[in-house]
file query35.cif (mmCIF, C-alpha atoms and all ligand atoms)
data_query
#
loop_
_atom_site.label_atom_id
_atom_site.label_comp_id
_atom_site.auth_asym_id
_atom_site.auth_seq_id
_atom_site.Cartn_x
_atom_site.Cartn_y
_atom_site.Cartn_z
CA MET A 751 -8.73 -32.96 -9.64
CA LYS A 752 -9.67 -29.78 -7.79
CA ASP A 753 -8.19 -26.34 -7.97
CA LEU A 754 -6.32 -26.00 -4.70
CA PHE A 755 -8.09 -22.74 -3.92
CA GLU A 756 -11.57 -24.21 -4.30
CA ARG A 757 -11.55 -25.31 -0.68
CA ILE A 758 -10.43 -21.99 0.72
CA THR A 759 -13.03 -20.17 -1.35
CA ASN A 760 -15.80 -22.35 0.06
CA ASP A 761 -14.52 -22.94 3.57
CA LYS A 762 -13.00 -19.91 5.27
CA GLY A 763 -12.27 -21.70 8.52
CA PRO A 764 -13.92 -21.45 11.97
CA LEU A 765 -12.98 -17.80 12.47
CA GLY A 766 -12.72 -16.75 8.83
CA LYS A 767 -16.40 -17.47 8.26
CA TRP A 768 -17.21 -14.52 10.55
CA ALA A 769 -14.88 -12.14 8.70
CA LYS A 770 -17.63 -10.13 7.01
CA GLN A 771 -19.33 -9.29 10.32
CA ALA A 772 -16.21 -9.14 12.44
CA GLU A 773 -13.30 -7.67 10.51
CA GLY A 774 -12.02 -4.29 11.61
CA TYR A 775 -14.05 -4.43 14.80
CA TYR A 776 -13.96 -7.76 16.60
CA VAL A 777 -10.93 -9.03 14.73
CA PHE A 778 -8.14 -6.88 13.32
CA PRO A 779 -9.38 -3.84 15.31
CA LYS A 780 -7.22 -0.72 15.19
CA LEU A 781 -6.33 0.62 18.63
CA GLU A 782 -4.78 4.03 18.25
CA GLY A 783 -2.69 6.36 20.36
CA SER A 784 0.07 5.65 22.85
CA ILE A 785 -0.05 2.22 24.43
CA SER A 786 -1.63 2.87 27.82
CA ASN A 787 -4.69 2.28 30.00
CA ARG A 788 -6.74 4.51 27.70
CA MET A 789 -6.45 4.44 23.92
CA ARG A 790 -8.67 5.33 20.97
CA PHE A 791 -10.89 2.87 19.17
CA ASN A 792 -13.40 3.72 16.46
CA GLY A 793 -12.92 7.42 17.17
CA LYS A 794 -13.56 7.18 20.92
CA GLU A 795 -11.41 6.89 24.02
CA VAL A 796 -11.66 3.44 25.59
CA ILE A 797 -10.23 1.80 28.69
CA THR A 798 -7.88 -0.77 27.21
CA TRP A 799 -7.84 -4.22 28.83
CA SER A 800 -6.46 -6.23 25.96
CA ILE A 801 -2.76 -5.48 25.90
CA ASN A 802 -0.16 -7.65 27.63
CA ASP A 803 1.97 -4.67 28.59
CA TYR A 804 1.81 -5.96 32.17
CA LEU A 805 4.41 -3.62 33.63
CA GLY A 806 3.53 -0.57 31.58
CA LEU A 807 6.93 -0.51 29.91
CA ALA A 808 5.71 -0.07 26.33
CA ASN A 809 5.54 3.68 26.66
CA HIS A 810 7.90 4.32 29.49
CA PRO A 811 10.00 7.37 28.50
CA GLU A 812 13.28 5.64 29.43
CA VAL A 813 12.39 2.63 27.29
CA ILE A 814 11.40 4.77 24.33
CA LYS A 815 14.66 6.71 24.66
CA VAL A 816 16.82 3.58 24.56
CA ASP A 817 14.80 2.12 21.67
CA ALA A 818 15.14 5.35 19.70
CA GLU A 819 18.85 5.79 20.40
CA ALA A 820 19.59 2.21 19.39
CA ALA A 821 17.56 2.56 16.19
CA GLN A 822 19.37 5.81 15.40
CA GLN A 823 22.80 4.33 16.04
CA TYR A 824 22.35 0.96 14.33
CA GLY A 825 19.34 1.33 12.02
CA MET A 826 16.81 -1.50 12.05
CA ALA A 827 18.91 -4.00 10.12
CA TYR A 828 22.12 -4.46 12.09
CA PRO A 829 23.37 -7.11 12.54
CA MET A 830 22.69 -8.78 9.19
CA GLY A 831 22.54 -12.53 8.71
CA ALA A 832 21.83 -15.40 11.07
CA ARG A 833 23.61 -15.40 14.44
CA MET A 834 25.73 -18.36 13.37
CA MET A 835 26.95 -16.76 10.17
CA SER A 836 27.31 -13.00 10.61
CA GLY A 837 24.56 -11.71 12.92
CA HIS A 838 26.24 -12.13 16.29
CA THR A 839 27.19 -9.27 18.67
CA ASP A 840 28.40 -8.66 22.22
CA PHE A 841 24.99 -7.22 23.06
CA HIS A 842 23.17 -10.39 22.01
CA GLU A 843 25.49 -12.31 24.31
CA GLN A 844 25.01 -9.81 27.13
CA LEU A 845 21.24 -10.07 26.87
CA GLU A 846 21.50 -13.86 26.98
CA ARG A 847 23.69 -13.74 30.07
CA GLU A 848 21.33 -11.33 31.80
CA CYS A 849 18.19 -13.30 30.91
CA ALA A 850 19.80 -16.50 32.20
CA GLU A 851 20.85 -14.84 35.42
CA PHE A 852 17.40 -13.32 35.95
CA VAL A 853 15.64 -16.67 35.70
CA ASN A 854 18.37 -18.43 37.62
CA LYS A 855 19.68 -20.67 34.86
CA GLU A 856 23.21 -21.28 33.57
CA ALA A 857 22.69 -20.03 30.05
CA ALA A 858 20.13 -18.62 27.65
CA TYR A 859 19.60 -18.41 23.91
CA LEU A 860 17.75 -15.57 22.19
CA VAL A 861 15.16 -16.21 19.52
CA ASN A 862 13.40 -13.72 17.26
CA PHE A 863 9.82 -14.68 18.03
CA GLY A 864 8.31 -16.77 20.78
CA TYR A 865 5.96 -18.70 18.54
CA GLN A 866 8.59 -19.71 16.01
CA GLY A 867 11.14 -20.31 18.73
CA MET A 868 8.91 -22.72 20.63
CA VAL A 869 8.00 -24.69 17.51
CA SER A 870 11.65 -24.94 16.58
CA ALA A 871 12.89 -25.78 20.09
CA ILE A 872 10.47 -28.70 20.36
CA ASP A 873 11.63 -29.84 16.93
CA ALA A 874 15.26 -29.65 18.07
CA LEU A 875 14.80 -31.27 21.47
CA VAL A 876 13.12 -34.49 20.34
CA THR A 877 13.77 -37.20 17.76
CA LYS A 878 11.26 -39.69 16.41
CA ASN A 879 12.15 -42.09 19.22
CA ASP A 880 11.20 -39.57 21.89
CA VAL A 881 7.74 -38.89 23.28
CA VAL A 882 6.11 -35.51 23.88
CA VAL A 883 3.49 -35.06 26.61
CA TYR A 884 1.63 -31.75 26.85
CA ASP A 885 -1.45 -30.03 28.27
CA MET A 886 -4.48 -29.96 25.97
CA ASP A 887 -5.01 -26.22 26.53
CA SER A 888 -1.52 -25.33 25.38
CA HIS A 889 -0.73 -22.27 23.28
CA ALA A 890 -0.63 -22.84 19.51
CA CYS A 891 3.18 -22.70 19.49
CA ILE A 892 3.34 -25.82 21.68
CA ILE A 893 0.63 -27.63 19.74
CA ASP A 894 2.31 -26.81 16.43
CA GLY A 895 5.75 -27.78 17.74
CA ALA A 896 4.33 -31.11 18.89
CA ARG A 897 2.71 -31.53 15.45
CA LEU A 898 6.12 -31.33 13.83
CA HIS A 899 7.31 -34.14 16.08
CA GLN A 900 7.61 -37.38 14.15
CA GLY A 901 7.35 -39.64 17.17
CA LYS A 902 4.53 -40.30 19.57
CA ARG A 903 2.75 -37.52 21.45
CA PHE A 904 0.23 -37.63 24.25
CA THR A 905 -1.97 -34.84 25.60
CA PHE A 906 -3.39 -34.62 29.09
CA ARG A 907 -6.54 -32.86 30.25
CA HIS A 908 -5.89 -29.28 31.23
CA ASN A 909 -4.02 -29.09 34.55
CA ASP A 910 -5.42 -32.51 35.47
CA MET A 911 -2.68 -34.39 37.29
CA GLU A 912 -4.48 -37.71 37.15
CA SER A 913 -4.69 -37.45 33.39
CA PHE A 914 -1.09 -36.25 33.31
CA GLU A 915 0.21 -39.26 35.20
CA LYS A 916 -1.86 -41.64 33.10
CA ASN A 917 -0.30 -40.23 29.96
CA LEU A 918 3.12 -40.20 31.51
CA ILE A 919 2.77 -43.94 32.10
CA ARG A 920 1.77 -44.44 28.46
CA ALA A 921 4.65 -42.24 27.36
CA SER A 922 7.11 -44.15 29.54
CA ARG A 923 5.96 -47.44 28.02
CA ARG A 924 6.40 -46.06 24.54
CA ALA A 925 9.81 -44.53 25.29
CA GLU A 926 10.96 -47.88 26.69
CA GLU A 927 10.01 -49.54 23.40
CA THR A 928 11.75 -46.97 21.22
CA ASN A 929 14.66 -46.34 23.58
CA GLY A 930 13.78 -42.66 23.60
CA GLY A 931 13.17 -39.99 26.25
CA ILE A 932 10.16 -37.94 27.32
CA LEU A 933 9.64 -34.20 26.95
CA VAL A 934 6.81 -32.78 29.08
CA ILE A 935 5.59 -29.31 28.15
CA SER A 936 3.43 -27.01 30.26
CA GLU A 937 2.72 -23.34 30.33
CA GLY A 938 3.71 -21.33 33.38
CA VAL A 939 0.47 -19.39 32.92
CA PHE A 940 -2.34 -20.41 30.59
CA GLY A 941 -3.00 -17.17 28.80
CA MET A 942 -6.71 -17.53 28.11
CA ARG A 943 -7.98 -18.56 31.54
CA GLY A 944 -5.14 -17.28 33.70
CA GLU A 945 -4.42 -20.49 35.58
CA GLN A 946 -0.84 -21.30 36.42
CA GLY A 947 0.40 -24.62 35.14
CA LYS A 948 0.71 -27.10 38.00
CA LEU A 949 4.47 -27.06 37.85
CA LYS A 950 4.95 -28.14 41.44
CA GLU A 951 2.83 -31.23 40.95
CA ILE A 952 4.43 -31.96 37.59
CA VAL A 953 7.99 -31.83 38.91
CA ALA A 954 7.01 -33.95 41.92
CA LEU A 955 6.44 -36.79 39.44
CA LYS A 956 10.06 -36.57 38.35
CA LYS A 957 10.82 -38.79 41.34
CA LYS A 958 8.67 -41.53 39.84
CA TYR A 959 9.15 -41.06 36.08
CA ASN A 960 12.02 -40.10 33.85
CA PHE A 961 11.22 -36.95 31.88
CA ARG A 962 12.47 -33.45 31.10
CA LEU A 963 10.27 -30.39 31.54
CA LEU A 964 9.92 -27.44 29.14
CA VAL A 965 7.86 -24.49 30.45
CA ASP A 966 6.40 -21.70 28.32
CA ASP A 967 6.20 -18.83 30.79
CA ALA A 968 5.13 -16.09 28.39
CA HIS A 969 2.68 -14.56 30.88
CA GLY A 970 4.54 -15.45 34.08
CA PHE A 971 7.83 -13.77 33.23
CA GLY A 972 7.94 -10.34 34.90
CA THR A 973 4.61 -10.80 36.68
CA LEU A 974 4.99 -13.78 39.02
CA GLY A 975 7.50 -14.71 41.69
CA LYS A 976 9.34 -12.63 44.25
CA THR A 977 11.71 -11.14 41.70
CA GLY A 978 9.42 -11.48 38.67
CA ALA A 979 11.29 -14.54 37.39
CA GLY A 980 7.97 -16.23 36.70
CA ALA A 981 5.79 -19.19 37.54
CA GLY A 982 8.71 -21.46 38.45
CA GLU A 983 9.91 -18.95 41.03
CA GLU A 984 6.35 -18.41 42.29
CA GLN A 985 5.90 -22.15 42.85
CA GLY A 986 9.43 -22.69 44.17
CA VAL A 987 10.39 -25.11 41.40
CA GLN A 988 12.50 -23.02 39.03
CA ASP A 989 15.48 -25.39 39.45
CA GLU A 990 13.37 -28.36 38.31
CA ILE A 991 12.44 -26.71 35.01
CA ASP A 992 14.87 -28.12 32.47
CA VAL A 993 14.13 -25.63 29.71
CA TYR A 994 12.54 -22.30 30.59
CA PHE A 995 11.00 -20.09 27.90
CA ALA A 996 9.66 -16.54 27.92
CA THR A 997 8.75 -14.10 25.19
CA PHE A 998 9.59 -10.40 25.19
CA ALA A 999 6.15 -9.68 23.73
CA LYS A 1000 4.38 -9.30 27.06
CA SER A 1001 5.99 -7.90 30.27
CA MET A 1002 9.00 -6.81 28.23
CA ALA A 1003 6.79 -4.95 25.73
CA GLY A 1004 9.07 -5.75 22.82
CA ILE A 1005 9.84 -8.46 20.31
CA GLY A 1006 11.99 -11.53 20.79
CA ALA A 1007 12.10 -14.39 23.28
CA PHE A 1008 14.59 -16.66 25.00
CA PHE A 1009 15.18 -20.19 26.21
CA ALA A 1010 17.17 -20.79 29.39
CA GLY A 1011 18.59 -23.94 30.91
CA ASN A 1012 21.88 -25.64 31.61
CA SER A 1013 24.81 -24.79 29.34
CA ASP A 1014 24.75 -28.09 27.47
CA VAL A 1015 21.08 -27.81 26.53
CA ILE A 1016 21.43 -24.19 25.48
CA LYS A 1017 24.55 -24.95 23.44
CA TYR A 1018 22.60 -27.74 21.75
CA LEU A 1019 19.76 -25.34 20.90
CA GLN A 1020 22.23 -22.81 19.48
CA TYR A 1021 23.47 -25.40 17.02
CA ASN A 1022 20.22 -27.16 16.25
CA MET A 1023 17.30 -24.73 16.32
CA ARG A 1024 16.42 -24.26 12.69
CA SER A 1025 14.29 -21.13 13.26
CA GLN A 1026 17.44 -19.31 14.37
CA MET A 1027 20.05 -21.06 12.23
CA PHE A 1028 18.16 -20.14 9.09
CA ALA A 1029 16.82 -16.70 10.02
CA LYS A 1030 18.21 -13.23 10.46
CA SER A 1031 19.42 -12.22 13.89
CA LEU A 1032 17.29 -10.04 16.21
CA PRO A 1033 17.96 -6.36 15.34
CA MET A 1034 20.09 -4.34 17.74
CA ALA A 1035 17.29 -1.93 18.68
CA MET A 1036 15.33 -4.92 19.99
CA VAL A 1037 18.35 -6.26 21.84
CA LYS A 1038 19.37 -2.97 23.46
CA GLY A 1039 15.71 -2.21 24.18
CA ALA A 1040 15.33 -5.61 25.85
CA LEU A 1041 18.43 -5.00 28.01
CA LYS A 1042 16.85 -1.76 29.23
CA ARG A 1043 13.49 -3.41 29.93
CA LEU A 1044 15.10 -6.29 31.80
CA ASP A 1045 17.06 -3.83 33.91
CA MET A 1046 13.83 -2.04 34.80
CA ILE A 1047 12.04 -5.27 35.68
CA ARG A 1048 14.98 -6.15 37.93
CA THR A 1049 15.36 -2.80 39.62
CA MET A 1050 11.81 -1.44 39.76
CA PRO A 1051 9.72 -3.89 41.82
CA GLU A 1052 7.21 -1.05 42.27
CA LEU A 1053 5.98 -1.77 38.73
CA ARG A 1054 4.99 -5.27 39.82
CA THR A 1055 3.46 -3.96 43.06
CA LYS A 1056 1.26 -1.55 41.10
CA LEU A 1057 0.31 -4.29 38.65
CA TRP A 1058 -0.84 -6.55 41.48
CA GLU A 1059 -2.76 -3.75 43.19
CA ASN A 1060 -4.77 -3.41 39.99
CA VAL A 1061 -5.11 -7.17 39.51
CA ASN A 1062 -6.36 -7.67 43.05
CA ALA A 1063 -8.81 -4.77 42.88
CA LEU A 1064 -10.21 -5.96 39.55
CA GLN A 1065 -10.49 -9.63 40.46
CA SER A 1066 -11.92 -9.12 43.95
CA GLY A 1067 -14.34 -6.47 42.63
CA LEU A 1068 -15.61 -8.84 39.94
CA VAL A 1069 -15.99 -11.71 42.38
CA GLU A 1070 -17.86 -9.44 44.82
CA LYS A 1071 -20.34 -8.68 42.06
CA GLY A 1072 -20.82 -12.39 41.47
CA PHE A 1073 -18.84 -12.78 38.24
CA ASN A 1074 -17.31 -16.11 37.35
CA ILE A 1075 -13.58 -15.48 36.84
CA GLY A 1076 -12.72 -19.16 36.72
CA LYS A 1077 -9.61 -20.36 38.52
CA THR A 1078 -7.23 -17.58 37.64
CA ASN A 1079 -4.28 -17.20 40.00
CA THR A 1080 -2.40 -14.75 37.79
CA CYS A 1081 -2.95 -11.31 36.24
CA VAL A 1082 -4.97 -12.72 33.34
CA THR A 1083 -8.61 -12.12 34.28
CA PRO A 1084 -11.25 -14.09 32.41
CA VAL A 1085 -14.93 -13.29 32.86
CA PHE A 1086 -17.14 -16.22 31.83
CA LEU A 1087 -20.67 -15.51 30.65
CA GLU A 1088 -23.23 -17.59 28.83
CA GLY A 1089 -24.43 -16.76 25.34
CA ASP A 1090 -23.96 -17.50 21.66
CA ILE A 1091 -21.56 -15.82 19.24
CA PRO A 1092 -24.00 -13.21 17.84
CA GLU A 1093 -25.00 -12.23 21.39
CA ALA A 1094 -21.34 -11.94 22.31
CA MET A 1095 -20.78 -9.64 19.36
CA ALA A 1096 -23.73 -7.40 20.31
CA MET A 1097 -22.54 -7.25 23.90
CA VAL A 1098 -18.97 -6.36 23.01
CA ASN A 1099 -20.25 -3.72 20.60
CA ASP A 1100 -22.24 -2.16 23.44
CA LEU A 1101 -19.26 -2.42 25.77
CA ARG A 1102 -17.00 -0.63 23.32
CA GLU A 1103 -19.38 2.01 21.98
CA ASN A 1104 -21.42 2.92 25.04
CA TYR A 1105 -19.31 1.97 28.03
CA ARG A 1106 -15.97 2.71 26.32
CA ILE A 1107 -14.33 -0.47 27.42
CA PHE A 1108 -12.12 -2.48 25.12
CA CYS A 1109 -11.35 -6.08 26.02
CA SER A 1110 -10.79 -9.25 24.06
CA ILE A 1111 -13.64 -11.59 23.37
CA VAL A 1112 -13.10 -15.32 23.10
CA VAL A 1113 -15.76 -17.71 21.85
CA TYR A 1114 -16.13 -21.24 20.48
CA PRO A 1115 -14.02 -23.09 19.28
CA VAL A 1116 -11.43 -21.70 21.73
CA ILE A 1117 -13.85 -22.27 24.62
CA PRO A 1118 -16.92 -24.55 24.78
CA LYS A 1119 -20.03 -23.69 22.72
CA GLY A 1120 -22.48 -21.41 24.55
CA MET A 1121 -19.77 -19.72 26.62
CA ILE A 1122 -18.42 -16.21 26.16
CA LEU A 1123 -15.09 -15.27 27.67
CA LEU A 1124 -14.25 -11.60 28.06
CA ARG A 1125 -10.56 -11.45 28.86
CA LEU A 1126 -9.16 -8.55 30.86
CA ILE A 1127 -5.44 -7.90 31.14
CA PRO A 1128 -4.69 -5.50 33.99
CA THR A 1129 -1.36 -3.68 33.83
CA SER A 1130 0.57 -1.32 36.07
CA ALA A 1131 -0.57 1.50 33.76
CA HIS A 1132 -4.19 1.07 34.92
CA ASN A 1133 -5.64 2.78 37.98
CA LEU A 1134 -8.46 2.15 40.43
CA ASP A 1135 -10.86 4.42 38.52
CA ASP A 1136 -10.41 2.21 35.45
CA VAL A 1137 -11.22 -0.80 37.62
CA LYS A 1138 -14.34 0.80 39.16
CA GLU A 1139 -15.68 1.98 35.84
CA THR A 1140 -15.14 -1.43 34.29
CA ILE A 1141 -16.83 -3.39 37.05
CA ALA A 1142 -19.88 -1.09 36.86
CA ALA A 1143 -20.01 -1.54 33.09
CA PHE A 1144 -19.72 -5.31 33.37
CA SER A 1145 -22.60 -5.42 35.86
CA SER A 1146 -24.72 -3.44 33.45
CA ILE A 1147 -23.96 -5.57 30.37
CA ARG A 1148 -24.53 -8.78 32.31
CA GLU A 1149 -28.01 -7.58 33.19
CA LYS A 1150 -28.72 -6.86 29.53
CA LEU A 1151 -27.30 -10.22 28.48
CA THR A 1152 -29.42 -12.22 30.91
CA SER A 1153 -32.57 -10.27 30.12
CA GLY A 1154 -32.21 -11.03 26.41
CA VAL A 1155 -31.41 -7.51 25.16
CA TYR A 1156 -28.43 -8.69 23.13
CA LYS A 1157 -30.34 -11.62 21.68
CA LYS A 1158 -32.70 -9.15 19.99
CA ILE A 1159 -29.89 -6.90 18.76
CA ALA A 1160 -27.96 -9.97 17.61
CA ALA A 1161 -30.54 -10.77 14.96
CA ALA A 1162 -29.09 -7.87 12.94
CA PHE A 1163 -25.66 -9.49 12.92
CA ILE A 1164 -26.71 -12.71 11.24
C1 LIG A 1201 1.89 -18.75 25.96
C2 LIG A 1201 2.50 -18.07 24.78
N1 LIG A 1201 3.56 -18.63 24.17
C3 LIG A 1201 4.13 -18.07 23.11
C4 LIG A 1201 3.67 -16.90 22.57
C5 LIG A 1201 4.29 -16.34 21.31
O1 LIG A 1201 5.19 -15.33 21.58
P1 LIG A 1201 5.60 -14.28 20.43
O2 LIG A 1201 4.52 -13.26 20.39
O3 LIG A 1201 6.93 -13.77 20.89
O4 LIG A 1201 5.70 -15.04 19.14
C6 LIG A 1201 2.59 -16.25 23.18
C7 LIG A 1201 2.10 -14.97 22.65
O5 LIG A 1201 1.00 -14.84 22.21
C8 LIG A 1201 1.98 -16.86 24.30
O6 LIG A 1201 0.90 -16.32 24.90
#
call {"tool": "encode", "arguments": {"input": "query35.cif", "output": "structure tokens"}}
result
Amino acid sequence: MKDLFERITNDKGPLGKWAKQAEGYYVFPKLEGSISNRMRFNGKEVITWSINDYLGLANHPEVIKVDAEAAQQYGMAYPMGARMMSGHTDFHEQLERECAEFVNKEAAYLVNFGYQGMVSAIDALVTKNDVVVYDMDSHACIIDGARLHQGKRFTFRHNDMESFEKNLIRASRRAEETNGGILVISEGVFGMRGEQGKLKEIVALKKKYNFRLLVDDAHGFGTLGKTGAGAGEEQGVQDEIDVYFATFAKSMAGIGAFFAGNSDVIKYLQYNMRSQMFAKSLPMAMVKGALKRLDMIRTMPELRTKLWENVNALQSGLVEKGFNIGKTNTCVTPVFLEGDIPEAMAMVNDLRENYRIFCSIVVYPVIPKGMILLRLIPTSAHNLDDVKETIAAFSSIREKLTSGVYKKIAAAFI
């Protein structure tokens, strides 16, 4: 018999094996200073493109004031206990009402974290007789929620409606056998590549097949749609989404998340979601802070206008210079380049140290081997100078990448 830790000593995992070269710089970097378009990294000012503060609320003086006042009045603990037992307040209920209203649903239920909430909601919504069908490129919270599911699950190729329907047919067959139902899960916006989930096409199949749809709209909430209500609003299918989910960790620049749907479904989640039944309630500072942020999203459309000005300038500028930004139709801006992991590291090092640009780098196994994805997240806190500077820097690093400069430097990393 082995010591349990023998494996983790020998096999650090696909990312962990790079820890020695990457830690503190490529992973677990420390961005310092106020959250904004320019922060400090490694002692230098950098243009920051890696923070999902889409609407620039993280450091808005009115937001900070409400956060601080709530923390002063209630401390960071109140209310204590799980919502069901002793952690319930009028403000939690108010936030739920306002979230539901904003996304045009009957009711909403707050959860402490999006990831945990999604895992737990999937667990609550299906039994072993039910079938889960979800996109292969889904966020880890969906994949892990589906893993907990004791019944059958099918994945479909990313945003591929032919593959979706094929798996829906298989799922329907299975659900007939077990006398269960089908839960389809998609993202409103796929956060790595920036493509919206094909919600319109998915809901069109409701006429042909019997399923319920859960949408994770982490990146769509606040950024898409006429009022900012997300990908469902943008595609005109919000009413067809049975369970809508958004986190407060992005446009809302906070912590927490919510599910919204009809009153029966939400009531069911309140009484059956184990991540909330057996966990402390969201602290009041988060709740009051979220109420303030939601109010600003509702009443300050200029934040979204500014965001989209920056998104459009960045994306059209990159395309003009011949960059491959994939099929993004949201704020998330991927730049696809070709190279191996050591080259990617050398390039990002150059980008950060010499061009003063900080963006996230995504490599295999998240994307195919030989590809490098530099992910840019424009926000309303950016400006057109940031965009110009960044596009010029990207043109320069691409030249170095294709002429083999980073390949030579990369040798030092291995
Ligand atoms: C698509 C998606 N779902 C869920 C989450 C998790 O949200 P939270 O940070 O609130 O746990 C994220 C955040 O990374 C996300 O991008």
call {"tool": "residues_near_ligand", "arguments": {"input": "query35.cif", "ligand": "ligand LIG 1201 (chain A)", "cutoff": "6 Å", "atoms": "all atoms listed in the file", "output": "NGL selection string"}}
result
:A and (863-865 or 889 or 891 or 941 or 966 or 968 or 997 or 999 or 1006-1007)
call {"tool": "closest_residue", "arguments": {"input": "query35.cif", "among": "A:Val1113, A:Ala1035, A:Ile1141, A:Ala1161", "to": "Ser1066 in chain A", "atoms": "all atoms listed in the file"}}
result
A:Ile1141
call {"tool": "residues_near_point", "arguments": {"input": "query35.cif", "point": "(-11.0, 2.6, 35.1)", "cutoff": "12 Å", "atoms": "all atoms listed in the file", "output": "ChimeraX atom specification"}}
result
/A:786-788,795-799,1060,1063-1064,1105-1108,1128-1129,1131-1144
call {"tool": "atom_distance", "arguments": {"input": "query35.cif", "atom1": "CA of Ile919 in chain A", "atom2": "CA of Tyr959 in chain A"}}
result
8.1 Å
call {"tool": "residues_around", "arguments": {"input": "query35.cif", "residues": "Gly982 in chain A", "least_positions_apart": "6", "cutoff": "10 Å", "atoms": "all atoms listed in the file", "output": "count of residues only"}}
result
18
call {"tool": "residues_near_point", "arguments": {"input": "query35.cif", "point": "(-25.4, -20.5, 24.1)", "cutoff": "12 Å", "atoms": "all atoms listed in the file", "output": "PyMOL selection string"}}
result
chain A and resi 1087-1094+1113-1114+1117-1122+1151-1152+1154+1157
call {"tool": "closest_residue", "arguments": {"input": "query35.cif", "among": "A:Arg847, A:Met942, A:Phe1073, A:Ala871", "to": "Gly895 in chain A", "atoms": "only C-alpha atoms"}}
result
A:Ala871
call {"tool": "closest_residue", "arguments": {"input": "query35.cif", "among": "A:Ser936, A:Ser800, A:Ser836, A:Asn960", "to": "Leu1124 in chain A", "atoms": "all atoms listed in the file"}}
result
A:Ser800
call {"tool": "atom_distance", "arguments": {"input": "query35.cif", "atom1": "CA of Ile1159 in chain A", "atom2": "CA of Leu1123 in chain A"}}
result
19.2 Å
call {"tool": "residues_around", "arguments": {"input": "query35.cif", "residues": "Gly1004 in chain A", "least_positions_apart": "2", "cutoff": "8 Å", "atoms": "all atoms listed in the file", "output": "NGL selection string"}}
result
:A and (808 or 998-1000 or 1002 or 1006 or 1036 or 1039-1040)
call {"tool": "write_last_selection", "arguments": {"input": "query35.cif", "atoms": "C-alpha atoms", "output": "mmCIF file, in the frame of the given file"}}
result
data_model
loop_
_atom_site.group_PDB
_atom_site.id
_atom_site.type_symbol
_atom_site.label_atom_id
_atom_site.label_comp_id
_atom_site.auth_asym_id
_atom_site.auth_seq_id
_atom_site.Cartn_x
_atom_site.Cartn_y
_atom_site.Cartn_z
ATOM 1 C CA ALA A 808 5.710 -0.070 26.330
ATOM 2 C CA PHE A 998 9.590 -10.400 25.190
ATOM 3 C CA ALA A 999 6.150 -9.680 23.730
ATOM 4 C CA LYS A 1000 4.380 -9.300 27.060
ATOM 5 C CA MET A 1002 9.000 -6.810 28.230
ATOM 6 C CA GLY A 1006 11.990 -11.530 20.790
ATOM 7 C CA MET A 1036 15.330 -4.920 19.990
ATOM 8 C CA GLY A 1039 15.710 -2.210 24.180
ATOM 9 C CA ALA A 1040 15.330 -5.610 25.850
#
call {"tool": "atom_distance", "arguments": {"input": "query35.cif", "atom1": "CA of Arg924 in chain A", "atom2": "CA of Leu964 in chain A"}}
result
19.5 Å
call {"tool": "closest_residue", "arguments": {"input": "query35.cif", "among": "A:Ile814, A:Leu765, A:Met835, A:Cys1081", "to": "Phe1028 in chain A", "atoms": "all atoms listed in the file"}}
result
A:Met835
call {"tool": "axis_aligned_box", "arguments": {"input": "query35.cif", "around": "range 1119-1129 of chain A", "padding_each_side": "5 Å", "output": "JSON"}}
result
{"center_x": -11.9, "center_y": -13.7, "center_z": 28.4, "size_x": 31.1, "size_y": 30.0, "size_z": 21.3}
call {"tool": "residues_around", "arguments": {"input": "query35.cif", "residues": "Leu1041 in chain A", "least_positions_apart": "4", "cutoff": "9 Å", "atoms": "all atoms listed in the file", "output": "tab-separated table (two decimals) with C-alpha atoms, in the frame of the given file"}}
result
chain	number	residue	atom	x	y	z
A	841	PHE	CA	24.99	-7.22	23.06
A	844	GLN	CA	25.01	-9.81	27.13
A	845	LEU	CA	21.24	-10.07	26.87
A	848	GLU	CA	21.33	-11.33	31.80
A	849	CYS	CA	18.19	-13.30	30.91
A	1036	MET	CA	15.33	-4.92	19.99
A	1037	VAL	CA	18.35	-6.26	21.84
A	1045	ASP	CA	17.06	-3.83	33.91
A	1046	MET	CA	13.83	-2.04	34.80
call {"tool": "closest_residue", "arguments": {"input": "query35.cif", "among": "A:Ser1153, A:Ser1146, A:Ser870, A:Ser1031", "to": "Leu1019 in chain A", "atoms": "all atoms listed in the file"}}
result
A:Ser870
call {"tool": "closest_residue", "arguments": {"input": "query35.cif", "among": "A:Ala1162, A:Leu1053, A:Val939, A:Ala827", "to": "Ser1130 in chain A", "atoms": "all atoms listed in the file"}}
result
A:Leu1053
